[in-house]
Amino acid sequence: MSLVPIMSTAAAAALGAVLVVSAPASAATTLGAAAAQSGRYFGTAVAAGKLNDQTYVNILNTEFSMVTAENEMKWDATEPNRGQFNYSGGDRVLNQAVGNGKRVRGHALLWHQQEPGWAQRLEGSDLRQAMMNHVTQVTTHYRGKIYAWDVVNEAFADGGSGGRRDSNLQRTGNDWIEAAFRAARAADPAAKLCYNDYNTDSVNAKSTGIYNMVRDFKARGVPIDCVGFQSHLSNNAPSDYQANLQRFADLGVEVQITELDISGSNQANAYGAVTRACMAVRACTGITVWGIRDTDSWRTGENPLLFNGSGAKKAAYTAVLDALNAGGPGPTTTTTTNDPVPGGCTASVSLNQWDGGFVATVEVTAGSTALRGWRVATTLSNGTVTSSWSSNRSGTSGSVTFTNVDYNGAVPAGQSTEFGFQGTGSGSGLTPSCTAT
Ligand code: XIL
């Protein structure tokens, strides 16, 4: 079972959950304070190299409650050589934020851009191993300090296919995204794990491809908590912007606007519309703009941000502040308390049997205490295991035992991980039992 961030009021009440719905008492005067009235955050991308600029730091400290490192936590920055990690820039951004009472979004663990050169030259299983090591190392370094990680960035193709983008990451196998989410969850169970992409701001082939992936992940227990919408826009928010956010929310994930910037003469209206859309979707937990002043923007010359080059508030700023102050339903936070197995775990099997062979997928679920490791024992009376994955195995038939591997031993309370095996003969009648180790 995974934590369900969004549920009906009745269901939430039944589980003793806290339901926060607040209406602002009086207008707040900063973006962060205005967003906080409904339980949301308002963030910005921060560049470590600008933390000596007083105008920049003053606006940052006054206005924003969440920070994303603009480049400093990307793969090329954090692992410039294979196995050699450098967190200096990322730590600078994080420490400045945390020291000033802000939270941090981690961006981004795996992305086909800003891969270090050594990783660009890898393919196949060697690359897959390097990818998963990267995810594990970086999330371990920042364990407990990151509000949400963009685990995978921009993995879907533009245009009408609705499919994955070709990259060396994708060529390691279609399951690279779920493997990355599992590795991130194992290393930092407290961080929300997001998939992040652009050109996903309306119902289109690309956003629908991602929607289908998220639905599949939720159905199979792959740990995903949120979807990030970069929202690099020009002049307008698509008319179905809110409806698109809502359909993802209805899958049981949070939605976050992660890199907002909007060019063009209709900018203020468009910023207002995006903010109102987030405020209208209960599961939209916050908005991040991709930089502070127009002169800080990666979209050189387009002036797509909320402050001008001198640090003065633009009309777009007022549109956002007003929309935040107008309020909306607050996000719902739920905590399940009805766990039957404190300190233990359960295992359930799903079996794909055909004439002469089978594949078994086993879900291991932690009780009310996080697991550090697990062992699953089962009896295979009429079959023989030929291979297994995501576990260490002893035995092939009769009594067969599986234990966790490095990356899936840590399972947060109430959450699940999967392993599997295949064999010849019959897999029917499997009744696995789970022990915490
Ligand atoms: C951009 C940064 O803003 C630039 O400084 C850098 O040169 C390139 O990357 N999508 C993302 C962000 O997820 O990481 C990108 O940030 C913008 C597009």
# chains A, B, ... in the order shown; residues from 1 in each chain; ligands from 1
$ select_by_dssp --residues "region 65-202 of chain A" --states "strand (DSSP E)" --output "number ranges by chain"
A: 66-69, 103-111, 148-153, 192-197
$ write_last_selection --atoms "N, CA, C and O atoms" --output "tab-separated table (two decimals), in the first residue's frame"
chain	number	residue	atom	x	y	z
A	66	MET	N	10.19	28.38	-1.09
A	66	MET	CA	10.74	27.13	-1.64
A	66	MET	C	11.84	27.50	-2.62
A	66	MET	O	11.75	28.54	-3.28
A	67	VAL	N	12.85	26.66	-2.71
A	67	VAL	CA	13.99	26.94	-3.60
A	67	VAL	C	14.32	25.70	-4.42
A	67	VAL	O	14.30	24.58	-3.89
A	68	THR	N	14.60	25.90	-5.70
A	68	THR	CA	15.16	24.84	-6.55
A	68	THR	C	16.53	25.32	-7.03
A	68	THR	O	16.65	26.45	-7.49
A	69	ALA	N	17.54	24.48	-6.92
A	69	ALA	CA	18.85	24.82	-7.48
A	69	ALA	C	18.72	24.81	-9.00
A	69	ALA	O	18.30	23.81	-9.58
A	103	ARG	N	12.13	25.66	2.18
A	103	ARG	CA	12.31	24.26	1.82
A	103	ARG	C	12.95	24.18	0.43
A	103	ARG	O	13.06	25.20	-0.27
A	104	VAL	N	13.33	22.97	0.04
A	104	VAL	CA	14.09	22.81	-1.20
A	104	VAL	C	13.50	21.69	-2.04
A	104	VAL	O	13.22	20.59	-1.56
A	105	ARG	N	13.29	21.99	-3.33
A	105	ARG	CA	12.97	20.96	-4.31
A	105	ARG	C	14.29	20.50	-4.94
A	105	ARG	O	15.11	21.33	-5.36
A	106	GLY	N	14.52	19.22	-5.02
A	106	GLY	CA	15.73	18.69	-5.64
A	106	GLY	C	15.51	18.54	-7.14
A	106	GLY	O	14.51	17.98	-7.57
A	107	HIS	N	16.46	19.02	-7.94
A	107	HIS	CA	16.30	19.01	-9.41
A	107	HIS	C	17.66	18.81	-10.04
A	107	HIS	O	18.55	19.61	-9.78
A	108	ALA	N	17.84	17.85	-10.85
A	108	ALA	CA	17.01	16.73	-11.23
A	108	ALA	C	17.94	15.52	-11.27
A	108	ALA	O	19.09	15.65	-11.68
A	109	LEU	N	17.46	14.35	-10.85
A	109	LEU	CA	18.38	13.21	-10.72
A	109	LEU	C	18.79	12.63	-12.07
A	109	LEU	O	19.97	12.42	-12.33
A	110	LEU	N	17.82	12.34	-12.93
A	110	LEU	CA	18.16	11.77	-14.25
A	110	LEU	C	17.48	12.58	-15.34
A	110	LEU	O	16.26	12.81	-15.32
A	111	TRP	N	18.28	13.01	-16.30
A	111	TRP	CA	17.82	13.88	-17.38
A	111	TRP	C	18.77	13.66	-18.55
A	111	TRP	O	19.98	13.52	-18.32
A	148	ALA	N	10.92	17.61	-2.22
A	148	ALA	CA	10.51	16.78	-3.37
A	148	ALA	C	11.65	16.71	-4.36
A	148	ALA	O	12.34	17.72	-4.60
A	149	TRP	N	11.87	15.54	-4.92
A	149	TRP	CA	12.88	15.37	-5.96
A	149	TRP	C	12.22	15.26	-7.33
A	149	TRP	O	11.25	14.50	-7.48
A	150	ASP	N	12.74	15.97	-8.31
A	150	ASP	CA	12.45	15.63	-9.70
A	150	ASP	C	13.35	14.44	-10.02
A	150	ASP	O	14.54	14.60	-10.32
A	151	VAL	N	12.80	13.26	-9.89
A	151	VAL	CA	13.61	12.05	-10.05
A	151	VAL	C	13.99	11.89	-11.52
A	151	VAL	O	15.14	11.59	-11.86
A	152	VAL	N	13.02	12.07	-12.38
A	152	VAL	CA	13.26	11.97	-13.82
A	152	VAL	C	12.69	13.22	-14.48
A	152	VAL	O	11.57	13.64	-14.19
A	153	ASN	N	13.49	13.80	-15.37
A	153	ASN	CA	13.12	15.05	-16.04
A	153	ASN	C	13.04	14.81	-17.56
A	153	ASN	O	13.94	14.21	-18.14
A	192	LYS	N	9.22	13.60	-1.35
A	192	LYS	CA	8.22	13.30	-2.39
A	192	LYS	C	8.98	13.09	-3.69
A	192	LYS	O	9.97	13.77	-3.97
A	193	LEU	N	8.50	12.16	-4.49
A	193	LEU	CA	9.19	11.84	-5.74
A	193	LEU	C	8.33	12.24	-6.93
A	193	LEU	O	7.20	11.77	-7.08
A	194	CYS	N	8.88	13.13	-7.77
A	194	CYS	CA	8.11	13.70	-8.88
A	194	CYS	C	8.69	13.29	-10.23
A	194	CYS	O	9.90	13.13	-10.39
A	195	TYR	N	7.81	13.21	-11.22
A	195	TYR	CA	8.20	13.19	-12.62
A	195	TYR	C	7.96	14.61	-13.14
A	195	TYR	O	6.90	15.19	-12.90
A	196	ASN	N	8.92	15.16	-13.90
A	196	ASN	CA	8.85	16.58	-14.31
A	196	ASN	C	9.02	16.71	-15.81
A	196	ASN	O	9.89	16.05	-16.40
A	197	ASP	N	8.20	17.55	-16.46
A	197	ASP	CA	8.37	17.71	-17.91
A	197	ASP	C	7.78	19.04	-18.39
A	197	ASP	O	7.14	19.77	-17.61
$ residues_around --residues "Gln84 (chain A)" --least-positions-apart "3" --cutoff "12 Å" --atoms "only C-alpha atoms" --output "list in words"
Trp75, Asp76, Ala77, Thr78, Glu79, Pro80, Asn81, Tyr87, Pro116, Trp118, Ala130, Asn133, His134, Gln137 and Val138 of chain A
$ closest_residue --among "A:Gly286, A:Gly49, A:Gly252, A:Gly32" --to "Thr62 (chain A)" --atoms "only C-alpha atoms"
A:Gly32
$ residues_around --residues "Asn303 (chain A)" --least-positions-apart "3" --cutoff "9 Å" --atoms "only C-alpha atoms" --output "list in words"
Asp261, Ile262, Ser263, Gly264, Arg293, Asp294, Thr295, Ser297, Arg299, Thr300, Leu306, Phe307, Asn308 and Gly309 of chain A
$ write_last_selection --atoms "N, CA and C atoms" --output "compact mmCIF listing (two decimals), in the first residue's frame"
# COMPACT_ATOMS: atom_id res chain seq x y z
N ASP A 261 7.69 30.34 -16.19
CA ASP A 261 8.06 31.65 -16.74
C ASP A 261 7.20 31.87 -17.97
N ILE A 262 6.79 33.13 -18.19
CA ILE A 262 5.84 33.43 -19.26
C ILE A 262 6.28 34.70 -19.99
N SER A 263 6.51 34.57 -21.27
CA SER A 263 6.89 35.73 -22.08
C SER A 263 5.64 36.39 -22.67
N GLY A 264 5.82 37.56 -23.24
CA GLY A 264 4.76 38.18 -24.04
C GLY A 264 3.96 39.26 -23.34
N ARG A 293 14.66 37.81 -11.16
CA ARG A 293 14.51 38.97 -12.04
C ARG A 293 14.59 38.54 -13.50
N ASP A 294 14.05 39.39 -14.38
CA ASP A 294 14.14 39.08 -15.81
C ASP A 294 15.59 38.82 -16.23
N THR A 295 16.50 39.54 -15.63
CA THR A 295 17.91 39.38 -15.98
C THR A 295 18.50 38.07 -15.44
N SER A 297 16.82 35.24 -15.90
CA SER A 297 16.14 34.17 -16.63
C SER A 297 17.04 33.50 -17.66
N ARG A 299 15.74 32.43 -20.28
CA ARG A 299 15.15 32.85 -21.55
C ARG A 299 15.58 34.30 -21.82
N THR A 300 16.84 34.42 -22.23
CA THR A 300 17.47 35.73 -22.37
C THR A 300 16.64 36.63 -23.30
N LEU A 306 8.84 37.73 -12.67
CA LEU A 306 7.95 38.59 -11.88
C LEU A 306 8.59 39.91 -11.44
N PHE A 307 9.94 39.96 -11.53
CA PHE A 307 10.66 41.17 -11.14
C PHE A 307 11.49 41.64 -12.33
N ASN A 308 11.58 42.96 -12.54
CA ASN A 308 12.41 43.44 -13.65
C ASN A 308 13.89 43.42 -13.25
N GLY A 309 14.71 43.84 -14.19
CA GLY A 309 16.16 43.75 -13.98
C GLY A 309 16.64 44.55 -12.78
$ residues_near_ligand --ligand "ligand 1" --cutoff "7 Å" --atoms "only C-alpha atoms and all ligand atoms" --output "JSON, numbers by chain"
{"A": [70, 71, 153, 230, 290, 297, 298]}
$ select_by_dssp --residues "region 195-268 of chain A" --states "helix (DSSP H, G or I)" --output "CSV table (one decimal) with C-alpha atoms, in the first residue's frame"
chain,number,residue,atom,x,y,z
A,205,ALA,CA,-0.3,13.6,-26.7
A,206,LYS,CA,2.7,14.2,-24.5
A,207,SER,CA,0.9,14.9,-21.3
A,208,THR,CA,-1.4,11.9,-22.0
A,209,GLY,CA,1.6,9.7,-22.4
A,210,ILE,CA,2.8,10.8,-19.0
A,211,TYR,CA,-0.7,10.5,-17.5
A,212,ASN,CA,-0.8,6.9,-18.7
A,213,MET,CA,2.6,6.2,-17.1
A,214,VAL,CA,1.6,7.7,-13.8
A,215,ARG,CA,-1.6,5.7,-13.8
A,216,ASP,CA,0.3,2.5,-14.5
A,217,PHE,CA,2.9,3.4,-11.7
A,218,LYS,CA,0.0,3.9,-9.2
A,219,ALA,CA,-1.6,0.7,-10.2
A,220,ARG,CA,1.6,-1.3,-9.8
A,241,TYR,CA,-4.5,24.1,-18.0
A,242,GLN,CA,-6.6,23.6,-14.8
A,243,ALA,CA,-8.4,20.5,-16.2
A,244,ASN,CA,-5.1,19.0,-17.1
A,245,LEU,CA,-3.7,19.4,-13.6
A,246,GLN,CA,-6.9,18.0,-12.2
A,247,ARG,CA,-6.8,14.8,-14.3
A,248,PHE,CA,-3.4,14.1,-12.9
A,249,ALA,CA,-4.6,14.9,-9.3
A,267,GLN,CA,2.1,38.0,-19.3
A,268,ALA,CA,0.3,39.4,-16.2
